[in-house]
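Undergrad: My file is coords38.txt. It has compact mmCIF, C-alpha atoms:
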```
# COMPACT_ATOMS: atom_id res chain seq x y z
CA MET T 94 0.00 0.00 0.00
CA ASP T 95 1.16 3.53 -0.80
CA LYS T 96 2.42 5.49 2.21
CA GLU T 97 0.20 8.49 1.49
CA GLN T 98 -2.86 6.25 1.31
CA LEU T 99 -1.87 4.73 4.65
CA ILE T 100 -1.63 8.20 6.21
CA GLN T 101 -5.10 9.10 4.97
CA LEU T 102 -6.54 5.85 6.37
CA ILE T 103 -4.99 6.59 9.76
CA ILE T 104 -6.18 10.19 9.87
CA HIS T 105 -9.74 9.22 8.94
CA ASN T 106 -9.81 6.26 11.37
CA LYS T 107 -10.31 3.72 8.59
CA ALA T 108 -7.14 1.65 9.06
CA ASN T 109 -7.33 -2.01 10.07
CA ASP T 110 -4.99 -3.60 12.64
CA ASN T 111 -2.34 -4.58 10.08
CA GLN T 112 -2.33 -1.09 8.63
CA LYS T 113 -2.07 0.44 12.09
CA ASN T 114 0.93 -1.78 12.88
CA LYS T 115 2.59 -0.79 9.62
CA PHE T 116 1.93 2.86 10.40
CA GLU T 117 3.50 2.58 13.85
CA LYS T 118 6.66 1.06 12.40
CA LEU T 119 6.97 3.67 9.68
CA VAL T 120 6.31 6.68 11.88
CA ASN T 121 9.03 5.50 14.28
CA THR T 122 11.65 4.63 11.68
CA ASP T 123 11.01 6.73 8.57
CA LEU T 124 11.63 10.46 9.09
CA GLU T 125 10.23 11.40 5.68
CA PHE T 126 7.06 9.43 6.41
CA LYS T 127 6.72 11.12 9.80
CA LYS T 128 7.07 14.53 8.15
CA SER T 129 4.38 13.66 5.58
CA TYR T 130 2.10 12.47 8.37
CA GLN T 131 2.57 15.74 10.27
CA GLU T 132 1.80 17.75 7.13
CA ALA T 133 -1.41 15.76 6.66
CA LEU T 134 -2.35 16.41 10.28
CA ASP T 135 -1.79 20.12 9.78
CA MET T 136 -4.09 20.09 6.75
CA ARG T 137 -6.73 18.24 8.76
CA ALA T 138 -6.41 20.75 11.59
CA ALA T 139 -6.87 23.61 9.14
CA LEU T 140 -10.07 22.01 7.89
CA ILE T 141 -11.41 21.53 11.42
CA LYS T 142 -10.58 25.15 12.21
CA SER T 143 -12.47 26.26 9.12
CA LYS T 144 -15.48 24.16 10.04
CA SER T 145 -15.43 25.48 13.61
CA ALA T 146 -15.44 29.02 12.25
CA GLU T 147 -18.54 28.16 10.21
CA LEU T 148 -20.21 26.88 13.34
CA ARG T 149 -19.36 30.01 15.31
CA ASN T 150 -20.75 32.21 12.56
CA LEU T 151 -23.96 30.18 12.50
CA PHE T 152 -24.32 30.38 16.26
CA ASP T 153 -23.71 34.13 16.19
CA LYS T 154 -26.48 34.52 13.61
CA LEU T 155 -28.87 32.47 15.73
CA GLU T 156 -28.05 34.52 18.80
CA SER T 157 -28.45 37.78 16.88
CA THR T 158 -31.82 36.67 15.56
CA HIS T 159 -33.06 35.88 19.05
CA ARG T 160 -31.81 39.21 20.35
CA ASP T 161 -33.72 41.03 17.60
CA LYS T 162 -36.88 39.22 18.64
CA LYS T 163 -36.20 40.08 22.26
CA GLN T 164 -36.18 36.40 23.15
CA PHE T 165 -32.76 36.74 24.80
CA SER T 166 -32.77 38.31 28.21
CA ARG T 167 -29.73 40.06 29.63
CA LYS T 168 -29.25 37.20 32.05
CA LEU T 169 -29.61 33.91 30.23
CA SER T 170 -30.81 31.02 32.32
CA ILE T 171 -29.28 27.54 32.18
CA LYS T 172 -32.48 26.25 30.56
CA THR T 173 -32.07 28.83 27.78
CA ILE T 174 -28.40 28.05 27.15
CA ILE T 175 -28.64 24.23 27.15
CA PRO T 176 -30.62 23.93 23.87
CA PHE T 177 -28.05 26.10 22.09
CA VAL T 178 -25.15 24.08 23.46
CA ALA T 179 -26.82 20.86 22.36
CA ALA T 180 -27.58 22.28 18.94
CA ALA T 181 -24.02 23.50 18.60
CA SER T 182 -22.66 20.07 19.49
CA ILE T 183 -24.89 18.37 16.94
CA LEU T 184 -23.97 20.89 14.25
CA LEU T 185 -20.26 20.46 14.97
CA PHE T 186 -20.57 16.69 14.66
CA ILE T 187 -22.40 17.05 11.34
CA LEU T 188 -19.91 19.57 9.98
CA LEU T 189 -16.85 17.52 10.87
CA TRP T 190 -17.97 13.96 10.19
CA ASN T 191 -21.10 13.84 8.04
CA SER T 192 -20.23 16.36 5.37
CA SER T 193 -17.46 16.48 2.82
CA PRO T 194 -15.24 19.55 2.59
CA SER T 195 -16.38 22.04 -0.02
CA ASN T 196 -14.47 22.74 -3.21
CA ASP T 197 -13.31 26.05 -1.74
CA GLU T 198 -12.04 24.38 1.44
CA ILE T 199 -10.11 21.74 -0.46
CA TYR T 200 -8.64 24.34 -2.81
CA ASN T 201 -7.61 26.63 0.04
CA GLN T 202 -5.86 23.76 1.83
CA TYR T 203 -3.64 22.98 -1.15
CA TYR T 204 -3.23 26.26 -3.00
CA THR T 205 -0.08 28.31 -2.53
CA PRO T 206 0.89 30.90 -5.17
CA TYR T 207 3.90 29.76 -7.14
CA ARG T 208 6.93 31.88 -6.36
CA ASN T 209 8.83 34.05 -8.79
CA VAL T 210 11.94 32.11 -9.84
CA ILE T 211 12.70 34.15 -12.96
CA VAL T 212 13.59 37.69 -11.89
CA ASN T 213 15.46 38.43 -8.67
CA ILE T 214 13.62 41.29 -6.97
CA GLU T 215 15.17 42.50 -3.72
CA ARG T 216 12.90 44.33 -1.34
CA GLY T 217 13.82 47.98 -0.86
CA GLU T 218 15.62 48.23 -4.18
CA THR T 219 14.45 50.22 -7.17
CA ILE T 220 12.52 48.03 -9.59
CA GLY T 221 13.89 47.90 -13.11
CA ASP T 222 12.02 49.96 -15.67
CA ASP T 223 11.75 47.05 -18.09
CA GLN T 224 8.38 45.39 -18.59
CA VAL T 225 9.55 41.99 -17.33
CA SER T 226 10.76 43.34 -13.99
CA ARG T 227 7.53 45.28 -13.50
CA ALA T 228 5.43 42.23 -14.33
CA PHE T 229 7.21 40.03 -11.81
CA TYR T 230 7.16 42.80 -9.21
CA ASN T 231 3.38 43.05 -9.56
CA TYR T 232 3.14 39.27 -9.45
CA GLU T 233 5.12 39.09 -6.21
CA SER T 234 3.02 41.97 -4.82
CA LYS T 235 -0.14 39.98 -5.65
CA ASN T 236 -1.27 42.70 -7.99
CA TYR T 237 -2.44 39.90 -10.23
CA ALA T 238 -4.78 41.81 -12.53
CA VAL T 239 -1.97 44.10 -13.67
CA ALA T 240 0.58 41.27 -13.82
CA TYR T 241 -1.82 39.23 -15.98
CA LYS T 242 -1.97 41.94 -18.65
CA GLN T 243 1.76 42.51 -18.51
CA PHE T 244 2.59 38.82 -18.94
CA ASP T 245 0.14 38.66 -21.84
CA SER T 246 1.93 41.53 -23.57
CA ILE T 247 5.38 40.08 -22.85
CA TYR T 248 4.44 36.62 -24.13
CA ASN T 249 3.08 38.09 -27.37
CA GLN T 250 6.41 39.88 -27.90
CA ASP T 251 8.76 37.21 -26.57
CA ASN T 252 7.30 33.77 -27.07
CA GLN T 253 8.97 32.12 -24.08
CA SER T 254 6.64 29.60 -22.50
CA PHE T 255 7.35 30.45 -18.87
CA TYR T 256 5.64 33.83 -19.38
CA LEU T 257 2.49 31.91 -20.30
CA PHE T 258 2.82 29.87 -17.11
CA TYR T 259 3.08 33.00 -14.97
CA GLN T 260 0.19 34.61 -16.82
CA ALA T 261 -1.90 31.57 -15.89
CA ASN T 262 -0.72 31.90 -12.28
CA ALA T 263 -1.75 35.55 -12.28
CA ALA T 264 -5.18 34.62 -13.59
CA LEU T 265 -5.52 32.03 -10.84
CA GLY T 266 -4.42 34.52 -8.18
CA ASN T 267 -6.96 36.97 -9.58
CA GLU T 268 -9.68 34.30 -9.23
CA ASP T 269 -10.26 34.21 -12.98
CA TYR T 270 -10.43 30.42 -13.02
CA SER T 271 -11.71 29.94 -16.57
CA SER T 272 -8.83 31.99 -18.00
CA ALA T 273 -6.35 30.19 -15.76
CA ILE T 274 -7.54 26.79 -16.96
CA GLU T 275 -7.32 27.74 -20.62
CA LEU T 276 -3.81 29.13 -20.14
CA TYR T 277 -2.61 26.10 -18.17
CA LYS T 278 -4.01 23.79 -20.86
CA LYS T 279 -2.22 25.82 -23.51
CA HIS T 280 0.99 25.72 -21.50
CA GLN T 281 0.71 21.94 -20.99
CA LYS T 282 1.15 21.49 -24.74
CA LEU T 283 4.55 23.19 -24.67
CA GLN T 284 6.33 20.65 -22.42
CA ASP T 285 8.81 23.10 -20.91
CA ASP T 286 10.53 23.08 -17.50
CA PHE T 287 7.33 24.32 -15.84
CA TYR T 288 5.14 21.62 -17.37
CA ALA T 289 4.71 19.61 -14.15
CA ARG T 290 4.01 22.73 -12.13
CA SER T 291 1.29 23.96 -14.45
CA GLY T 292 -0.28 20.48 -14.23
CA TRP T 293 -0.56 20.82 -10.45
CA TYR T 294 -2.17 24.25 -10.70
CA LEU T 295 -4.46 23.05 -13.48
CA ALA T 296 -5.72 20.31 -11.17
CA LEU T 297 -6.32 22.84 -8.40
CA SER T 298 -8.22 25.08 -10.82
CA TYR T 299 -10.50 22.18 -11.70
CA VAL T 300 -11.06 21.48 -7.99
CA LYS T 301 -12.00 25.10 -7.40
CA ILE T 302 -14.74 25.12 -10.04
CA GLY T 303 -16.05 21.67 -9.08
CA GLU T 304 -14.67 19.71 -12.05
CA LYS T 305 -13.43 16.87 -9.85
CA GLU T 306 -13.25 14.22 -12.57
CA LYS T 307 -10.97 16.42 -14.67
CA ALA T 308 -8.87 17.17 -11.59
CA ILE T 309 -8.53 13.46 -10.88
CA LEU T 310 -7.25 12.77 -14.41
CA VAL T 311 -4.53 15.41 -14.02
CA LEU T 312 -3.62 14.22 -10.52
CA ASP T 313 -3.32 10.62 -11.72
CA LYS T 314 -0.78 11.76 -14.30
CA ILE T 315 1.19 13.70 -11.67
CA ILE T 316 1.27 10.67 -9.38
CA ASP T 317 2.21 8.25 -12.15
CA ASN T 318 5.14 10.46 -13.17
CA GLN T 319 6.05 11.28 -9.56
CA SER T 320 6.43 14.86 -10.71
CA TYR T 321 5.96 18.20 -8.94
CA ASN T 322 3.98 17.91 -5.67
CA TYR T 323 3.10 14.27 -6.35
CA LYS T 324 2.80 13.50 -2.64
CA LYS T 325 0.34 16.35 -2.18
CA ALA T 326 -1.39 15.09 -5.32
CA GLN T 327 -1.86 11.70 -3.63
CA SER T 328 -3.37 13.34 -0.58
CA LEU T 329 -5.62 15.57 -2.69
CA LEU T 330 -6.73 12.62 -4.80
CA GLN T 331 -7.70 10.69 -1.67
CA THR T 332 -9.74 13.67 -0.48
CA LEU T 333 -11.56 13.99 -3.81
CA LYS T 334 -12.46 10.29 -3.86
CA GLU T 335 -13.87 10.17 -0.31
```
Go ahead and render the structure in this file as structure tokens.
TA:
Amino acid sequence: MDKEQLIQLIIHNKANDNQKNKFEKLVNTDLEFKKSYQEALDMRAALIKSKSAELRNLFDKLESTHRDKKQFSRKLSIKTIIPFVAAASILLFILLWNSSPSNDEIYNQYYTPYRNVIVNIERGETIGDDQVSRAFYNYESKNYAVAYKQFDSIYNQDNQSFYLFYQANAALGNEDYSSAIELYKKHQKLQDDFYARSGWYLALSYVKIGEKEKAILVLDKIIDNQSYNYKKAQSLLQTLKE
């Protein structure tokens, strides 16, 4: 069994005794496995935190509604509080165990903007007046809408494929998912040094818009090739198939 699959089984309490024994041996002897397990735990904790925030917001809305109707007194009695505590407990159980994470939640767990590895921009220094430097400065500054247009102009003048990749990244950062997908698909045909990276972000784009089957196809390819972020791809694939 794949190690990432074993980690997911452990985290979701679905492992049998043999799998639990294997996990115990690996976590005590394999430092890389232990690190991957901790990363998976961190992702799970982030999801729980997100769900808890949803619950708090819902409870706040309920409380506000009751205040508006003057059904909350200034001194709440135990009998008044108990139903809300019970309801909150039930809602928390449903949120954490009986519902799957939303597309947005899954996307937010795995998405990190890809860093600028093309132009060295030191903070505090004057940015070069050339269009490339300005584009990457805006990209690093998360001014994605401007960077998107600049990369488009640069790519039309200088047909180097990595500009197309960063234009797609800018579209993704700007939450223009349809444009990002089209650009990543175009970039995938070019087979350059950023090919594997654009595949990962293409899969995330599909997750974001709910195209899980398309995301799974891309993730399968990443895993088969053991390319960029393939371990995260295994974890993401497991989440999508649950």
Undergrad: If you measure from CA of Asp285 in chain T to CA of Asn318 in chain T, what distance in Å do you get, rounded to one decimal?
TA: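 Computing it gives 15.3 Å between the two atoms.
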Undergrad: Rank nothing, just name the residue among T:Asn109, T:Ser129, T:Ser246, T:Asn201 nearest to Lys301 in chain T, using all atoms listed in the file.
TA: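 Closest to Lys301 in chain T of all the choices is T:Asn201.
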Undergrad: Excluding Tyr237 in chain T and its own-chain neighbours fewer than 6 positions away, which residues fall within 7 Å of it when counting only C-alpha atoms? Please give them as a count of residues only.
TA: 5
Undergrad: For range 101-108 of chain T, list every protein, DNA or RNA residue within 10 Å, evaluated using only C-alpha atoms, and leave out those in the same chain fewer than 4 positions away; present the list as a ChimeraX atom specification.
TA: /T:96-97,112-114,116,130,133-134,137,190,327-328,331-332
Undergrad: Using only C-alpha atoms, can you tell me which of T:Thr122, T:Ser226, T:Gln319, T:Lys324 comes closest to Gln98 in chain T?
TA: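 Of T:Thr122, T:Ser226, T:Gln319, T:Lys324, the one nearest Gln98 in chain T, counting only C-alpha atoms, is T:Lys324.
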Undergrad: Quick one, how far is CA of Ala240 in chain T from CA of Gln284 in chain T?
TA: 23.1 Å
Undergrad: Using all atoms listed in the file, can you tell me which of T:Tyr299, T:Tyr241, T:Tyr288, T:Phe126 comes closest to Asn196 in chain T?
TA: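 Once distances to Asn196 in chain T are computed over all atoms listed in the file, the minimum belongs to T:Tyr299.
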Undergrad: Please measure the separation of CA of Asp313 in chain T and CA of Gly292 in chain T, giving the value in Å to one decimal.
TA: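 One can read the CA of Asp313 in chain T to CA of Gly292 in chain T distance as 10.6 Å.
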Undergrad: Which one is closest to Glu233 in chain T: T:Asn252, T:Asn209, T:Ser195, T:Ser298? Count all atoms listed in the file.
TA: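 Closest candidate: T:Asn209.
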Undergrad: Tell me which of T:Asp135, T:Lys127, T:Phe258, T:Pro206 sits closest to Ser234 in chain T, counting only C-alpha atoms.
TA: T:Pro206
